[in-house]
$ cat final_33.cif   # mmCIF, C-alpha atoms, pLDDT in the B column; chains and numbers go by the auth columns
data_input
#
loop_
_atom_site.group_PDB
_atom_site.id
_atom_site.type_symbol
_atom_site.label_atom_id
_atom_site.label_comp_id
_atom_site.label_asym_id
_atom_site.label_seq_id
_atom_site.Cartn_x
_atom_site.Cartn_y
_atom_site.Cartn_z
_atom_site.B_iso_or_equiv
_atom_site.auth_seq_id
_atom_site.auth_asym_id
ATOM 1 C CA PRO A 1 68.172 98.683 124.925 57.00 25 A
ATOM 2 C CA THR A 2 71.741 98.373 123.773 50.00 26 A
ATOM 3 C CA ARG A 3 73.649 101.525 122.965 51.00 27 A
ATOM 4 C CA ARG A 4 77.083 101.688 121.467 49.00 28 A
ATOM 5 C CA SER A 5 79.619 104.441 121.159 51.00 29 A
ATOM 6 C CA SER A 6 82.433 104.144 118.643 57.00 30 A
ATOM 7 C CA ASP A 7 85.080 105.856 116.572 64.00 31 A
ATOM 8 C CA LEU A 8 84.559 103.140 113.946 84.00 32 A
ATOM 9 C CA VAL A 9 81.397 101.981 112.309 91.00 33 A
ATOM 10 C CA PRO A 10 80.421 99.358 114.900 89.00 34 A
ATOM 11 C CA GLY A 11 81.083 95.742 113.982 89.00 35 A
ATOM 12 C CA LEU A 12 77.363 95.012 114.260 91.00 36 A
ATOM 13 C CA LEU A 13 76.795 97.468 111.401 95.00 37 A
ATOM 14 C CA GLN A 14 79.862 96.719 109.259 95.00 38 A
ATOM 15 C CA ILE A 15 79.677 95.067 105.884 97.00 39 A
ATOM 16 C CA TYR A 16 82.169 92.324 105.070 97.00 40 A
ATOM 17 C CA GLU A 17 84.593 94.490 103.074 98.00 41 A
ATOM 18 C CA THR A 18 84.733 97.177 105.778 96.00 42 A
ATOM 19 C CA ALA A 19 85.337 94.572 108.470 96.00 43 A
ATOM 20 C CA VAL A 20 88.156 92.967 106.486 97.00 44 A
ATOM 21 C CA ALA A 21 89.830 96.327 105.796 96.00 45 A
ATOM 22 C CA ILE A 22 89.733 97.204 109.507 92.00 46 A
ATOM 23 C CA MET A 23 91.039 93.780 110.529 93.00 47 A
ATOM 24 C CA VAL A 24 93.900 94.027 108.021 95.00 48 A
ATOM 25 C CA ALA A 25 94.804 97.480 109.377 92.00 49 A
ATOM 26 C CA ASP A 26 94.662 96.025 112.895 89.00 50 A
ATOM 27 C CA ARG A 27 97.127 93.321 111.763 93.00 51 A
ATOM 28 C CA VAL A 28 94.756 90.429 112.356 93.00 52 A
ATOM 29 C CA PRO A 29 96.440 87.300 110.948 96.00 53 A
ATOM 30 C CA PRO A 30 94.948 86.480 107.529 95.00 54 A
ATOM 31 C CA GLU A 31 93.977 82.986 108.693 95.00 55 A
ATOM 32 C CA ASP A 32 91.785 84.530 111.456 96.00 56 A
ATOM 33 C CA ILE A 33 89.858 87.050 109.339 96.00 57 A
ATOM 34 C CA GLU A 34 87.148 84.725 107.993 97.00 58 A
ATOM 35 C CA ARG A 35 86.557 83.146 111.429 96.00 59 A
ATOM 36 C CA ARG A 36 86.211 86.584 113.013 94.00 60 A
ATOM 37 C CA TRP A 37 83.874 87.733 110.245 96.00 61 A
ATOM 38 C CA MET A 38 81.634 84.681 110.703 96.00 62 A
ATOM 39 C CA ALA A 39 81.446 85.351 114.454 93.00 63 A
ATOM 40 C CA ARG A 40 80.570 88.992 113.753 92.00 64 A
ATOM 41 C CA LEU A 41 77.939 87.949 111.217 94.00 65 A
ATOM 42 C CA ARG A 42 76.316 85.719 113.855 94.00 66 A
ATOM 43 C CA ARG A 43 76.313 88.602 116.335 91.00 67 A
ATOM 44 C CA GLN A 44 74.692 90.866 113.740 93.00 68 A
ATOM 45 C CA GLN A 45 71.620 88.622 113.821 92.00 69 A
ATOM 46 C CA ILE A 46 70.702 90.109 117.201 89.00 70 A
ATOM 47 C CA LEU A 47 69.915 93.473 115.606 89.00 71 A
ATOM 48 C CA THR A 48 66.389 92.465 114.663 83.00 72 A
ATOM 49 C CA LYS A 49 65.694 91.278 118.224 88.00 73 A
ATOM 50 C CA VAL A 50 66.888 94.194 120.392 89.00 74 A
ATOM 51 C CA ASP A 51 66.495 97.940 120.656 90.00 75 A
ATOM 52 C CA TYR A 52 69.910 98.995 119.331 91.00 76 A
ATOM 53 C CA THR A 53 71.338 102.444 118.710 91.00 77 A
ATOM 54 C CA ALA A 54 74.867 103.099 117.479 91.00 78 A
ATOM 55 C CA TYR A 55 76.493 106.471 118.107 91.00 79 A
ATOM 56 C CA ILE A 56 79.127 106.941 115.429 92.00 80 A
ATOM 57 C CA THR A 57 81.432 109.931 115.258 90.00 81 A
ATOM 58 C CA GLU A 58 81.341 111.913 112.041 90.00 82 A
ATOM 59 C CA THR A 59 85.087 111.349 111.774 87.00 83 A
ATOM 60 C CA ALA A 60 84.557 107.575 111.816 87.00 84 A
ATOM 61 C CA LEU A 61 81.798 107.950 109.259 90.00 85 A
ATOM 62 C CA ARG A 62 84.180 109.790 106.910 90.00 86 A
ATOM 63 C CA THR A 63 86.951 107.176 107.099 90.00 87 A
ATOM 64 C CA PRO A 64 86.829 105.192 103.830 93.00 88 A
ATOM 65 C CA TRP A 65 87.927 101.760 105.071 94.00 89 A
ATOM 66 C CA GLY A 66 88.451 99.535 102.026 95.00 90 A
ATOM 67 C CA GLY A 67 88.406 102.392 99.494 95.00 91 A
ATOM 68 C CA PRO A 68 85.674 104.447 97.790 94.00 92 A
ATOM 69 C CA ASP A 69 83.535 101.542 96.501 95.00 93 A
ATOM 70 C CA VAL A 70 83.480 99.787 99.862 96.00 94 A
ATOM 71 C CA PHE A 71 82.885 103.109 101.595 95.00 95 A
ATOM 72 C CA SER A 72 79.836 103.761 99.392 96.00 96 A
ATOM 73 C CA LYS A 73 78.444 100.273 100.130 97.00 97 A
ATOM 74 C CA GLN A 74 79.018 100.766 103.859 97.00 98 A
ATOM 75 C CA LEU A 75 77.165 104.096 103.859 97.00 99 A
ATOM 76 C CA ALA A 76 74.270 102.543 101.897 97.00 100 A
ATOM 77 C CA HIS A 77 74.155 99.746 104.473 97.00 101 A
ATOM 78 C CA LEU A 78 73.872 102.289 107.306 97.00 102 A
ATOM 79 C CA LEU A 79 70.904 103.894 105.538 97.00 103 A
ATOM 80 C CA ARG A 80 69.260 100.453 105.179 96.00 104 A
ATOM 81 C CA CYS A 81 69.863 99.844 108.882 95.00 105 A
ATOM 82 C CA GLN A 82 67.956 103.036 109.692 94.00 106 A
ATOM 83 C CA GLU A 83 65.081 101.840 107.494 93.00 107 A
ATOM 84 C CA MET A 84 65.002 98.624 109.559 92.00 108 A
ATOM 85 C CA ALA A 85 64.563 100.722 112.750 90.00 109 A
ATOM 86 C CA ILE A 86 68.170 100.247 113.862 93.00 110 A
ATOM 87 C CA GLY A 87 69.376 103.466 115.439 92.00 111 A
ATOM 88 C CA VAL A 88 72.257 105.158 113.637 94.00 112 A
ATOM 89 C CA CYS A 89 73.102 108.465 115.310 93.00 113 A
ATOM 90 C CA ILE A 90 75.986 110.603 114.137 93.00 114 A
ATOM 91 C CA ILE A 91 78.049 112.629 116.601 91.00 115 A
ATOM 92 C CA PRO A 92 79.116 115.863 114.856 90.00 116 A
ATOM 93 C CA SER A 93 82.865 116.245 114.409 85.00 117 A
ATOM 94 C CA ARG A 94 82.931 119.778 115.791 82.00 118 A
ATOM 95 C CA GLN A 95 81.365 118.911 119.135 76.00 119 A
ATOM 96 C CA THR A 96 83.596 119.442 122.160 74.00 120 A
ATOM 97 C CA GLU A 97 81.313 118.211 124.939 76.00 121 A
ATOM 98 C CA ILE A 98 82.368 114.579 125.134 76.00 122 A
ATOM 99 C CA VAL A 99 85.485 112.513 124.460 72.00 123 A
ATOM 100 C CA LEU A 100 85.075 108.897 123.410 74.00 124 A
ATOM 101 C CA LEU A 101 88.270 107.140 124.467 71.00 125 A
ATOM 102 C CA HIS A 102 87.121 103.597 123.809 74.00 126 A
ATOM 103 C CA THR A 103 84.244 101.597 122.394 82.00 127 A
ATOM 104 C CA TRP A 104 81.511 100.530 124.782 83.00 128 A
ATOM 105 C CA HIS A 105 78.070 98.950 124.876 84.00 129 A
ATOM 106 C CA TRP A 106 75.522 100.146 127.412 90.00 130 A
ATOM 107 C CA MET A 107 73.057 97.318 128.023 90.00 131 A
ATOM 108 C CA ARG A 108 69.877 97.217 130.054 89.00 132 A
ATOM 109 C CA TYR A 109 68.050 94.025 130.957 87.00 133 A
ATOM 110 C CA PRO A 110 64.753 93.552 132.794 90.00 134 A
ATOM 111 C CA HIS A 111 65.106 93.528 136.581 92.00 135 A
ATOM 112 C CA THR A 112 68.811 94.504 136.668 91.00 136 A
ATOM 113 C CA PRO A 113 70.779 97.756 136.597 91.00 137 A
ATOM 114 C CA PRO A 114 72.549 98.640 133.318 93.00 138 A
ATOM 115 C CA VAL A 115 75.818 96.895 132.467 93.00 139 A
ATOM 116 C CA VAL A 116 78.562 98.333 130.255 91.00 140 A
ATOM 117 C CA HIS A 117 80.830 96.205 128.067 89.00 141 A
ATOM 118 C CA VAL A 118 84.026 98.172 127.432 87.00 142 A
ATOM 119 C CA GLU A 119 86.234 97.118 124.531 82.00 143 A
ATOM 120 C CA LEU A 120 89.957 97.669 124.880 77.00 144 A
ATOM 121 C CA SER A 121 92.778 96.812 122.494 71.00 145 A
ATOM 122 C CA SER A 122 93.891 94.020 124.835 73.00 146 A
ATOM 123 C CA GLY A 123 90.444 92.589 125.612 79.00 147 A
ATOM 124 C CA ALA A 124 87.228 93.706 127.236 87.00 148 A
ATOM 125 C CA VAL A 125 85.682 94.254 130.651 91.00 149 A
ATOM 126 C CA TYR A 126 82.158 94.434 132.037 91.00 150 A
ATOM 127 C CA ILE A 127 81.320 97.310 134.340 91.00 151 A
ATOM 128 C CA HIS A 128 78.338 96.771 136.608 90.00 152 A
ATOM 129 C CA GLU A 129 78.358 100.290 138.051 88.00 153 A
ATOM 130 C CA ALA A 130 77.363 102.049 134.842 90.00 154 A
ATOM 131 C CA ASP A 131 76.557 105.535 136.173 91.00 155 A
ATOM 132 C CA ARG A 132 79.394 107.281 134.312 89.00 156 A
ATOM 133 C CA TYR A 133 78.389 105.648 131.026 89.00 157 A
ATOM 134 C CA THR A 134 74.708 106.368 131.628 91.00 158 A
ATOM 135 C CA THR A 135 75.656 110.050 131.984 91.00 159 A
ATOM 136 C CA MET A 136 77.739 109.854 128.788 89.00 160 A
ATOM 137 C CA LEU A 137 74.783 108.259 127.029 90.00 161 A
ATOM 138 C CA SER A 138 72.597 111.212 128.035 91.00 162 A
ATOM 139 C CA GLN A 139 75.231 113.557 126.609 92.00 163 A
ATOM 140 C CA LEU A 140 75.364 111.568 123.361 92.00 164 A
ATOM 141 C CA ASP A 141 71.567 111.682 123.085 92.00 165 A
ATOM 142 C CA ARG A 142 71.735 115.465 123.451 93.00 166 A
ATOM 143 C CA ILE A 143 74.542 116.180 120.964 93.00 167 A
ATOM 144 C CA ALA A 144 73.863 113.513 118.308 94.00 168 A
ATOM 145 C CA LEU A 145 72.223 114.577 115.097 94.00 169 A
ATOM 146 C CA PRO A 146 68.552 113.578 115.006 92.00 170 A
ATOM 147 C CA LYS A 147 67.595 110.612 112.812 92.00 171 A
ATOM 148 C CA ASP A 148 66.829 112.819 109.806 94.00 172 A
ATOM 149 C CA GLY A 149 70.046 114.806 110.282 95.00 173 A
ATOM 150 C CA SER A 150 72.104 111.612 110.528 95.00 174 A
ATOM 151 C CA ARG A 151 70.387 110.253 107.413 96.00 175 A
ATOM 152 C CA LYS A 152 71.082 113.474 105.504 96.00 176 A
ATOM 153 C CA LEU A 153 74.765 113.493 106.476 95.00 177 A
ATOM 154 C CA ILE A 154 75.185 109.873 105.330 96.00 178 A
ATOM 155 C CA SER A 155 73.320 110.601 102.075 96.00 179 A
ATOM 156 C CA ASP A 156 75.427 113.713 101.452 95.00 180 A
ATOM 157 C CA LEU A 157 78.630 111.702 101.940 93.00 181 A
ATOM 158 C CA MET A 158 77.385 109.144 99.412 93.00 182 A
ATOM 159 C CA GLU A 159 76.579 111.838 96.855 93.00 183 A
ATOM 160 C CA ARG A 160 80.133 113.248 97.096 90.00 184 A
ATOM 161 C CA LEU A 161 81.731 109.934 96.167 83.00 185 A
#

$ encode --input "final_33.cif" --output "structure tokens"
Amino acid sequence: PTRRSSDLVPGLLQIYETAVAIMVADRVPPEDIERRWMARLRRQQILTKVDYTAYITETALRTPWGGPDVFSKQLAHLLRCQEMAIGVCIIPSRQTEIVLLHTWHWMRYPHTPPVVHVELSSGAVYIHEADRYTTMLSQLDRIALPKDGSRKLISDLMERL
């Protein structure tokens, strides 16, 4: 399974307009945006082939990248992802048990220990001794809203728009 922790809606779950808004805010050169989106779109194809769960903070879920219309489309996309058996777990904003300082993927493959891909603003690293992240994953599993609770929170946000 692949698990991801993020203070943004993960790129694998972003719609085009959300991705562009985030890239613009991150000062990605305009000539690179379409190329990066196409690469992300190719990576999104893996979602139907792996056991994937995204842990998204409630704060990230409430950030309307691209404005209200884009925000509504992004939330609807997250609900569709849940219907396709893609895990979307929301971390409540008032929790104080865990701090997510960077984005990371916890990945497990047959016959090998877990590996963590840590994303940093200047690049990324792979960590092959994943014990700390495995512990954090257990904490996230414990504090995340259940599937129905995550779905309700997303639906409630959509209704308020």

$ resolve_selection --input "final_33.cif" --expression "the PyMOL selection byres ((chain A and resi 73) around 12)" --output "ChimeraX atom specification"
/A:25-26,67-72,74-76,108-110

$ resolve_selection --input "final_33.cif" --expression "the PyMOL selection byres ((chain A and resi 113-127) around 7)" --output "list in words"
Ser29, Ser30, Ala78, Tyr79, Ile80, Thr81, Glu82, Thr83, Gly111, Val112, Trp128, Val142, Glu143, Leu144, Ile167, Ala168, Leu169, Pro170, Lys171 and Ser174 of chain A

$ closest_residue --input "final_33.cif" --among "A:Gly147, A:Pro138, A:Pro54, A:Pro88" --to "Val33 of chain A" --atoms "all atoms listed in the file"
A:Pro88

$ closest_residue --input "final_33.cif" --among "A:Ala154, A:Met47, A:Leu181, A:Ala100" --to "His141 of chain A" --atoms "only C-alpha atoms"
A:Ala154

$ atom_distance --input "final_33.cif" --atom1 "atom CA of Ile39 of chain A" --atom2 "atom CA of Lys97 of chain A"
7.9 Å

$ closest_residue --input "final_33.cif" --among "A:Leu65, A:Val140, A:Val44, A:Ala148" --to "Gly91 of chain A" --atoms "only C-alpha atoms"
A:Val44

$ resolve_selection --input "final_33.cif" --expression "the PyMOL selection byres ((chain A and resi 42) around 8)" --output "PDB file with C-alpha atoms, keeping the file's coordinate frame"
ATOM      1  CA  GLN A  38      79.862  96.719 109.259  1.00 95.00           C
ATOM      2  CA  ILE A  39      79.677  95.067 105.884  1.00 97.00           C
ATOM      3  CA  TYR A  40      82.169  92.324 105.070  1.00 97.00           C
ATOM      4  CA  GLU A  41      84.593  94.490 103.074  1.00 98.00           C
ATOM      5  CA  ALA A  43      85.337  94.572 108.470  1.00 96.00           C
ATOM      6  CA  VAL A  44      88.156  92.967 106.486  1.00 97.00           C
ATOM      7  CA  ALA A  45      89.830  96.327 105.796  1.00 96.00           C
ATOM      8  CA  ILE A  46      89.733  97.204 109.507  1.00 92.00           C
ATOM      9  CA  TRP A  89      87.927 101.760 105.071  1.00 94.00           C
ATOM     10  CA  GLY A  90      88.451  99.535 102.026  1.00 95.00           C
ATOM     11  CA  VAL A  94      83.480  99.787  99.862  1.00 96.00           C
ATOM     12  CA  PHE A  95      82.885 103.109 101.595  1.00 95.00           C
ATOM     13  CA  GLN A  98      79.018 100.766 103.859  1.00 97.00           C
TER      14      GLN A  98
END

$ closest_residue --input "final_33.cif" --among "A:Ile57, A:Met131, A:Ala49, A:Leu85" --to "Arg175 of chain A" --atoms "all atoms listed in the file"
A:Leu85

$ atom_distance --input "final_33.cif" --atom1 "atom CA of Gly35 of chain A" --atom2 "atom CA of Lys176 of chain A"
22.1 Å

$ atom_distance --input "final_33.cif" --atom1 "atom CA of Ile151 of chain A" --atom2 "atom CA of Asp50 of chain A"
25.3 Å

$ closest_residue --input "final_33.cif" --among "A:Thr87, A:Ala63, A:Pro92, A:Val139" --to "Arg184 of chain A" --atoms "only C-alpha atoms"
A:Pro92
